[in-house]
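Trainee: The structure is given below, and queries will be raised subsequently.
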Amino acid sequence: MSSMHSNSFDIRQLEAFAAVMSAGSVTGAARLLGRSQPAVTRLIQDLESDIGYALLHRSGPRISPTARGLLFHAEVERHLASLAHIRERANAIGLDEPASLTIAATPSLAAGVLPQAIAAVAPDLLPRHLHVQALAAENVVQAVLARSADFGIASLPLEHPGLEVHWVADAPCVVALAVSDRLAGNDVVRLADLADRRIITLANPYRLRHRVDEALERAGVTPQRIIDVNASMTALTMARAGLGVAIVEPATVCGVPLEGIIMRVLDHTIPFLFGAISPAALPMTPTVAAVIDAARTVALAMPGCRLHDSSGDDALADTVYGQTLLSEEAPS
């Protein structure tokens with residue numbers, strides 16, 4: 001096939017392609033869309049003809065996406081979501097109601113902070129349609145920069161000239177233990193007590209993980225067995241199953257109490273740093289302002305949580321990357 005023949009697409013073609021990717025077959029896509037199988041096949045063929053390359057591998061009734069098809073699908077999903085949001089916002093404008101709201105947050109903050117924050121906002125400020133996307137921290141930043149999210153809550157670092165940082169907080173990490181764990185009776189768990197234990201913690205080396213590793217090193221602990229995960233809830237369920245002790249941020253443990261798990265303070269303060277962001281130079285709606293403010297209040301209810309001045313870039317960088325927040329004293 002040659003290069004792209006047309007710069008515009010029929011929305012039906014994009015919907016057909018998205019449905020095929022979702023259902024895994026043309027037959028399934030036809031059922032999802034309420035169209036005939038030949039009609040869906042033709043829409044996909046026309047789309048491939050328009051863009052100039054194959055989106056699907058075909059082997060009899062079996063289909064699978066090409067490498068280009070996978071990349072194109074990500075763009076199609078974003079486009080269709082944007083169109084849906086435009087429809088929602090158009091309806092809200094016509095009804096003089098708050099516009100639909102899209103919030104991007106890391107999984108721990110989406111589960112541990114946002115529900116209470118949204119519940120605290122006056123009902124008349126909440127739109128009919130509220131979208132919450134649980135994303136990796138880097139993707140939260142990108143969603144806010146691309147304005148596919150109205151605002152975001154994510155772990156630091158968050159520095160970017162296209163972002164406005166509304167508040168930054170840090171809360172000490174905790175250790176989560178199965179209720180039957182031999183350390184469960186301790187009010188404060190020493191990192192030194194974990195030297196012979198399997199440690200479960202988060203994997204991202206550019207955010208919380210490097211502070212956990214640094215604290216363990218300061219305590220003279222070199223874990224021989226580690227499970228790293230990409231979500232705190234996974235770490236908690238691993239700990240509950242007796243697979244180890246979990247060193248995690250406090251948002252998930254406080255916001256989503258899990259039966260069979262207890263939370264204990266560590267003798268070393270390992271700061272979990274997070275903040276609320278929105279696109280720079282974009283006026284906030286009353287709804288966005290209210291949720292951001294409520295999220296700050298919920299965050300401050302976590303044990304030991306404190307706010308930082310987010311106005312100075314240098315000071316914020318020191319907070320994120322500096323060594324001073326790692327303390328050998330147990331939080332009060």
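Following the order of the structure tokens, chains are lettered A, B, ..., residues in each are numbered from 1, and ligands are numbered from 1.
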Fewer than 4 positions away in the same chain doesn't count, so skip those; otherwise give me all residues within 12 Å of Arg31 in chain A, counting only C-alpha atoms, as a list in words.

Mentor: Ala16, Ala19, Val20, Ser22, Ala23, Gly24, Ser25, Val26, Thr27, Arg35, Ser36, Gln37, Pro38, Ala39 and Val40 of chain A

Trainee: Which of range 81-257 of chain A counts as alpha helix (DSSP H) under DSSP, as a short mmCIF file (atom, residue, chain, number, x, y, z; two decimals) with N, CA and C atoms, in the first residue's frame please?

Mentor:
data_model
loop_
_atom_site.label_atom_id
_atom_site.label_comp_id
_atom_site.auth_asym_id
_atom_site.auth_seq_id
_atom_site.Cartn_x
_atom_site.Cartn_y
_atom_site.Cartn_z
N ALA A 81 -12.61 8.81 22.47
CA ALA A 81 -12.89 9.32 23.81
C ALA A 81 -13.09 10.82 23.79
N SER A 82 -12.28 11.52 22.99
CA SER A 82 -12.42 12.97 22.89
C SER A 82 -13.76 13.36 22.28
N LEU A 83 -14.19 12.62 21.27
CA LEU A 83 -15.49 12.90 20.65
C LEU A 83 -16.63 12.67 21.65
N ALA A 84 -16.50 11.61 22.45
CA ALA A 84 -17.53 11.33 23.46
C ALA A 84 -17.59 12.46 24.48
N HIS A 85 -16.43 12.97 24.87
CA HIS A 85 -16.39 14.06 25.83
C HIS A 85 -16.98 15.34 25.24
N ILE A 86 -16.73 15.57 23.94
CA ILE A 86 -17.29 16.76 23.29
C ILE A 86 -18.82 16.67 23.30
N ARG A 87 -19.34 15.47 23.04
CA ARG A 87 -20.80 15.30 23.07
C ARG A 87 -21.35 15.58 24.47
N GLU A 88 -20.66 15.04 25.47
CA GLU A 88 -21.10 15.26 26.86
C GLU A 88 -21.07 16.74 27.21
N ARG A 89 -20.00 17.42 26.82
CA ARG A 89 -19.86 18.84 27.16
C ARG A 89 -20.88 19.69 26.40
N ALA A 90 -21.16 19.30 25.17
CA ALA A 90 -22.18 20.03 24.41
C ALA A 90 -23.54 19.91 25.09
N ASN A 91 -23.86 18.70 25.57
CA ASN A 91 -25.12 18.50 26.28
C ASN A 91 -25.16 19.29 27.57
N ALA A 92 -24.03 19.33 28.29
CA ALA A 92 -23.97 20.07 29.55
C ALA A 92 -24.17 21.56 29.32
N ILE A 93 -23.56 22.09 28.25
CA ILE A 93 -23.73 23.51 27.92
C ILE A 93 -25.19 23.81 27.64
N GLY A 94 -25.83 22.91 26.87
CA GLY A 94 -27.24 23.12 26.54
C GLY A 94 -28.14 23.08 27.75
N PRO A 107 -2.93 4.81 40.30
CA PRO A 107 -3.91 3.89 40.90
C PRO A 107 -4.08 4.07 42.41
N SER A 108 -2.98 4.28 43.14
CA SER A 108 -3.08 4.42 44.59
C SER A 108 -3.86 5.67 44.98
N LEU A 109 -3.64 6.77 44.27
CA LEU A 109 -4.33 8.02 44.59
C LEU A 109 -5.76 8.02 44.05
N ALA A 110 -5.97 7.33 42.92
CA ALA A 110 -7.34 7.20 42.39
C ALA A 110 -8.21 6.42 43.36
N ALA A 111 -7.62 5.43 44.03
CA ALA A 111 -8.38 4.60 44.97
C ALA A 111 -8.38 5.17 46.38
N GLY A 112 -7.25 5.76 46.79
CA GLY A 112 -7.09 6.14 48.18
C GLY A 112 -7.42 7.57 48.52
N LEU A 114 -9.12 10.05 45.77
CA LEU A 114 -10.18 10.65 44.95
C LEU A 114 -11.60 10.34 45.42
N PRO A 115 -11.94 9.10 45.80
CA PRO A 115 -13.33 8.85 46.19
C PRO A 115 -13.81 9.77 47.31
N GLN A 116 -13.01 9.91 48.38
CA GLN A 116 -13.42 10.78 49.48
C GLN A 116 -13.44 12.24 49.05
N ALA A 117 -12.49 12.62 48.18
CA ALA A 117 -12.45 14.01 47.72
C ALA A 117 -13.69 14.35 46.90
N ILE A 118 -14.06 13.48 45.98
CA ILE A 118 -15.24 13.74 45.14
C ILE A 118 -16.50 13.75 46.00
N ALA A 119 -16.56 12.84 46.99
CA ALA A 119 -17.73 12.79 47.87
C ALA A 119 -17.89 14.06 48.70
N ALA A 137 2.23 7.31 36.74
CA ALA A 137 2.47 8.73 37.04
C ALA A 137 2.90 9.51 35.80
N GLU A 138 3.78 8.91 35.00
CA GLU A 138 4.26 9.61 33.81
C GLU A 138 3.09 9.87 32.84
N ASN A 139 2.15 8.92 32.77
CA ASN A 139 1.01 9.09 31.87
C ASN A 139 0.00 10.09 32.41
N VAL A 140 -0.08 10.23 33.74
CA VAL A 140 -0.93 11.28 34.32
C VAL A 140 -0.42 12.64 33.84
N VAL A 141 0.89 12.84 33.93
CA VAL A 141 1.49 14.10 33.48
C VAL A 141 1.17 14.35 32.01
N GLN A 142 1.35 13.32 31.17
CA GLN A 142 1.10 13.49 29.74
C GLN A 142 -0.36 13.77 29.45
N ALA A 143 -1.27 13.14 30.19
CA ALA A 143 -2.71 13.38 29.98
C ALA A 143 -3.07 14.82 30.30
N VAL A 144 -2.49 15.36 31.38
CA VAL A 144 -2.78 16.75 31.74
C VAL A 144 -2.16 17.71 30.73
N LEU A 145 -0.93 17.42 30.31
CA LEU A 145 -0.28 18.27 29.31
C LEU A 145 -1.07 18.28 28.00
N LEU A 208 8.93 6.30 43.85
CA LEU A 208 9.05 5.89 45.25
C LEU A 208 10.17 4.87 45.48
N ARG A 209 10.41 4.01 44.53
CA ARG A 209 11.31 2.88 44.76
C ARG A 209 12.72 3.32 45.18
N HIS A 210 13.24 4.39 44.58
CA HIS A 210 14.62 4.76 44.93
C HIS A 210 14.72 5.23 46.38
N ARG A 211 13.62 5.80 46.92
CA ARG A 211 13.65 6.22 48.32
C ARG A 211 13.55 5.01 49.26
N VAL A 212 12.79 4.00 48.85
CA VAL A 212 12.73 2.76 49.64
C VAL A 212 14.10 2.09 49.67
N ASP A 213 14.74 1.98 48.50
CA ASP A 213 16.06 1.34 48.43
C ASP A 213 17.08 2.11 49.27
N GLU A 214 17.01 3.43 49.23
CA GLU A 214 17.95 4.25 49.98
C GLU A 214 17.77 4.06 51.49
N ALA A 215 16.52 3.99 51.93
CA ALA A 215 16.25 3.79 53.35
C ALA A 215 16.75 2.43 53.81
N LEU A 216 16.54 1.39 53.01
CA LEU A 216 17.03 0.06 53.36
C LEU A 216 18.55 0.06 53.46
N GLU A 217 19.19 0.74 52.54
CA GLU A 217 20.65 0.81 52.57
C GLU A 217 21.14 1.51 53.83
N ARG A 218 20.46 2.60 54.21
CA ARG A 218 20.85 3.32 55.42
C ARG A 218 20.68 2.47 56.66
N SER A 232 0.10 -0.54 44.46
CA SER A 232 0.15 -0.84 45.90
C SER A 232 -0.86 -1.91 46.30
N MET A 233 -2.04 -1.92 45.66
CA MET A 233 -3.05 -2.92 46.01
C MET A 233 -2.51 -4.34 45.77
N THR A 234 -1.74 -4.50 44.72
CA THR A 234 -1.12 -5.81 44.46
C THR A 234 -0.15 -6.16 45.58
N ALA A 235 0.63 -5.17 46.03
CA ALA A 235 1.56 -5.42 47.13
C ALA A 235 0.82 -5.84 48.39
N LEU A 236 -0.31 -5.20 48.66
CA LEU A 236 -1.08 -5.52 49.87
C LEU A 236 -1.64 -6.94 49.81
N THR A 237 -2.16 -7.34 48.67
CA THR A 237 -2.71 -8.69 48.56
C THR A 237 -1.61 -9.74 48.64
N MET A 238 -0.42 -9.40 48.14
CA MET A 238 0.73 -10.31 48.27
C MET A 238 1.09 -10.48 49.74
N ALA A 239 1.11 -9.36 50.48
CA ALA A 239 1.44 -9.43 51.91
C ALA A 239 0.37 -10.22 52.66
N ARG A 240 -0.88 -10.01 52.32
CA ARG A 240 -1.97 -10.72 52.99
C ARG A 240 -1.84 -12.23 52.79
N PRO A 250 1.04 5.35 51.87
CA PRO A 250 -0.09 5.16 52.78
C PRO A 250 -1.47 5.38 52.17
N ALA A 251 -1.55 5.94 50.96
CA ALA A 251 -2.86 6.30 50.40
C ALA A 251 -3.75 5.08 50.24
N THR A 252 -3.21 4.02 49.66
CA THR A 252 -4.02 2.83 49.43
C THR A 252 -4.43 2.17 50.75
N VAL A 253 -3.48 2.07 51.68
CA VAL A 253 -3.77 1.39 52.95
C VAL A 253 -4.83 2.16 53.73
N CYS A 254 -4.73 3.51 53.72
CA CYS A 254 -5.70 4.33 54.47
C CYS A 254 -7.05 4.41 53.74
N GLY A 255 -6.99 4.57 52.43
CA GLY A 255 -8.22 4.80 51.67
C GLY A 255 -8.98 3.55 51.33
#

Trainee: Neighbouring residues of range 201-207 of chain A were defined as those with any atom within 9 Å, considering only C-alpha atoms; residues of the same chain fewer than 4 positions away were excluded. Please report them as a list in words.

Mentor: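 The residues satisfying every condition are Ala137, Ser155, Leu156, Pro157, Arg211, Val212, Ile226, Ile227, Asp228, Val229, Asn230, Ala231, Ser232, Ala235, Val245, Ala246, Ile247, Val248, Phe272, Leu273 and Val320 of chain A.
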
Trainee: For Cys173 in chain A, which residue out of A:Val265, A:Ala105, A:Val256, A:Leu300 is the nearest one, using only C-alpha atoms?

Mentor: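 With only C-alpha atoms as the atom set, the closest residue is A:Val265.
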
Trainee: DSSP on the backbone: what in range 80-175 of chain A comes out strand (DSSP E or B), as a list of chain:residue names?

Mentor: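 The strand (DSSP E or B) subset of range 80-175 of chain A is A:Leu101, A:Thr102, A:Ile103, A:Ala104, A:Ala105, A:Leu130, A:His131, A:Val132, A:Gln133, A:Ala134, A:Phe151, A:Gly152, A:Ile153, A:Ala154, A:Ser155, A:Leu163, A:Glu164, A:Val165, A:His166, A:Trp167, A:Val168, A:Ala169, A:Asp170, A:Ala171, A:Pro172, A:Val174, A:Val175.
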
Trainee: Please save N, CA and C atoms of the selected residues as a PDB file, in the first residue's frame.

Mentor:
ATOM      1  N   LEU A 101     -16.147  15.978  33.559  1.00  0.00           N
ATOM      2  CA  LEU A 101     -14.841  16.157  34.191  1.00  0.00           C
ATOM      3  C   LEU A 101     -14.023  14.889  34.022  1.00  0.00           C
ATOM      4  N   THR A 102     -12.762  15.057  33.609  1.00  0.00           N
ATOM      5  CA  THR A 102     -11.844  13.928  33.486  1.00  0.00           C
ATOM      6  C   THR A 102     -10.674  14.139  34.432  1.00  0.00           C
ATOM      7  N   ILE A 103     -10.467  13.169  35.311  1.00  0.00           N
ATOM      8  CA  ILE A 103      -9.383  13.222  36.292  1.00  0.00           C
ATOM      9  C   ILE A 103      -8.443  12.063  36.023  1.00  0.00           C
ATOM     10  N   ALA A 104      -7.155  12.355  35.946  1.00  0.00           N
ATOM     11  CA  ALA A 104      -6.142  11.307  35.812  1.00  0.00           C
ATOM     12  C   ALA A 104      -5.385  11.211  37.128  1.00  0.00           C
ATOM     13  N   ALA A 105      -5.176   9.999  37.600  1.00  0.00           N
ATOM     14  CA  ALA A 105      -4.458   9.807  38.860  1.00  0.00           C
ATOM     15  C   ALA A 105      -3.771   8.454  38.851  1.00  0.00           C
ATOM     16  N   LEU A 130     -18.486  11.888  34.924  1.00  0.00           N
ATOM     17  CA  LEU A 130     -17.205  12.042  35.605  1.00  0.00           C
ATOM     18  C   LEU A 130     -16.319  10.879  35.177  1.00  0.00           C
ATOM     19  N   HIS A 131     -15.145  11.185  34.653  1.00  0.00           N
ATOM     20  CA  HIS A 131     -14.228  10.159  34.156  1.00  0.00           C
ATOM     21  C   HIS A 131     -12.985  10.139  35.040  1.00  0.00           C
ATOM     22  N   VAL A 132     -12.668   9.000  35.593  1.00  0.00           N
ATOM     23  CA  VAL A 132     -11.463   8.843  36.402  1.00  0.00           C
ATOM     24  C   VAL A 132     -10.573   7.814  35.722  1.00  0.00           C
ATOM     25  N   GLN A 133      -9.377   8.235  35.363  1.00  0.00           N
ATOM     26  CA  GLN A 133      -8.435   7.350  34.680  1.00  0.00           C
ATOM     27  C   GLN A 133      -7.287   7.018  35.628  1.00  0.00           C
ATOM     28  N   ALA A 134      -7.086   5.742  35.916  1.00  0.00           N
ATOM     29  CA  ALA A 134      -5.960   5.305  36.730  1.00  0.00           C
ATOM     30  C   ALA A 134      -4.792   4.993  35.805  1.00  0.00           C
ATOM     31  N   PHE A 151      -7.440  17.648  35.214  1.00  0.00           N
ATOM     32  CA  PHE A 151      -6.358  17.772  36.183  1.00  0.00           C
ATOM     33  C   PHE A 151      -5.903  16.382  36.576  1.00  0.00           C
ATOM     34  N   GLY A 152      -4.808  16.332  37.332  1.00  0.00           N
ATOM     35  CA  GLY A 152      -4.268  15.043  37.729  1.00  0.00           C
ATOM     36  C   GLY A 152      -3.715  15.081  39.137  1.00  0.00           C
ATOM     37  N   ILE A 153      -3.608  13.897  39.727  1.00  0.00           N
ATOM     38  CA  ILE A 153      -2.953  13.734  41.024  1.00  0.00           C
ATOM     39  C   ILE A 153      -1.964  12.587  40.864  1.00  0.00           C
ATOM     40  N   ALA A 154      -0.696  12.866  41.105  1.00  0.00           N
ATOM     41  CA  ALA A 154       0.331  11.860  40.847  1.00  0.00           C
ATOM     42  C   ALA A 154       1.508  12.052  41.778  1.00  0.00           C
ATOM     43  N   SER A 155       2.332  11.015  41.846  1.00  0.00           N
ATOM     44  CA  SER A 155       3.560  11.109  42.619  1.00  0.00           C
ATOM     45  C   SER A 155       4.567  11.979  41.882  1.00  0.00           C
ATOM     46  N   LEU A 163       2.740  22.704  33.209  1.00  0.00           N
ATOM     47  CA  LEU A 163       1.881  22.308  34.320  1.00  0.00           C
ATOM     48  C   LEU A 163       1.811  23.384  35.383  1.00  0.00           C
ATOM     49  N   GLU A 164       0.665  23.492  36.014  1.00  0.00           N
ATOM     50  CA  GLU A 164       0.539  24.272  37.234  1.00  0.00           C
ATOM     51  C   GLU A 164       0.390  23.289  38.392  1.00  0.00           C
ATOM     52  N   VAL A 165       1.296  23.380  39.362  1.00  0.00           N
ATOM     53  CA  VAL A 165       1.254  22.499  40.536  1.00  0.00           C
ATOM     54  C   VAL A 165       0.489  23.229  41.635  1.00  0.00           C
ATOM     55  N   HIS A 166      -0.632  22.683  42.048  1.00  0.00           N
ATOM     56  CA  HIS A 166      -1.507  23.358  43.012  1.00  0.00           C
ATOM     57  C   HIS A 166      -1.104  23.094  44.452  1.00  0.00           C
ATOM     58  N   TRP A 167      -0.696  21.899  44.743  1.00  0.00           N
ATOM     59  CA  TRP A 167      -0.174  21.569  46.067  1.00  0.00           C
ATOM     60  C   TRP A 167       0.703  20.339  45.965  1.00  0.00           C
ATOM     61  N   VAL A 168       1.625  20.250  46.893  1.00  0.00           N
ATOM     62  CA  VAL A 168       2.516  19.096  46.996  1.00  0.00           C
ATOM     63  C   VAL A 168       2.501  18.643  48.443  1.00  0.00           C
ATOM     64  N   ALA A 169       2.372  17.346  48.645  1.00  0.00           N
ATOM     65  CA  ALA A 169       2.342  16.797  49.997  1.00  0.00           C
ATOM     66  C   ALA A 169       3.294  15.622  50.091  1.00  0.00           C
ATOM     67  N   ASP A 170       3.723  15.328  51.309  1.00  0.00           N
ATOM     68  CA  ASP A 170       4.436  14.075  51.510  1.00  0.00           C
ATOM     69  C   ASP A 170       3.888  13.391  52.747  1.00  0.00           C
ATOM     70  N   ALA A 171       3.779  12.084  52.635  1.00  0.00           N
ATOM     71  CA  ALA A 171       3.297  11.253  53.737  1.00  0.00           C
ATOM     72  C   ALA A 171       4.257  10.090  53.882  1.00  0.00           C
ATOM     73  N   PRO A 172       4.581   9.707  55.103  1.00  0.00           N
ATOM     74  CA  PRO A 172       5.549   8.619  55.288  1.00  0.00           C
ATOM     75  C   PRO A 172       4.997   7.272  54.834  1.00  0.00           C
ATOM     76  N   VAL A 174       4.490   3.261  54.857  1.00  0.00           N
ATOM     77  CA  VAL A 174       4.170   2.359  55.967  1.00  0.00           C
ATOM     78  C   VAL A 174       4.546   0.941  55.565  1.00  0.00           C
ATOM     79  N   VAL A 175       4.534   0.067  56.551  1.00  0.00           N
ATOM     80  CA  VAL A 175       4.712  -1.349  56.267  1.00  0.00           C
ATOM     81  C   VAL A 175       3.368  -2.034  56.485  1.00  0.00           C
TER      82      VAL A 175
END

Trainee: Closest to Leu307 in chain A among A:Pro271, A:Thr287, A:Asp193, A:Leu56, using only C-alpha atoms?

Mentor: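 Result for the nearest residue to Leu307 in chain A: A:Pro271.
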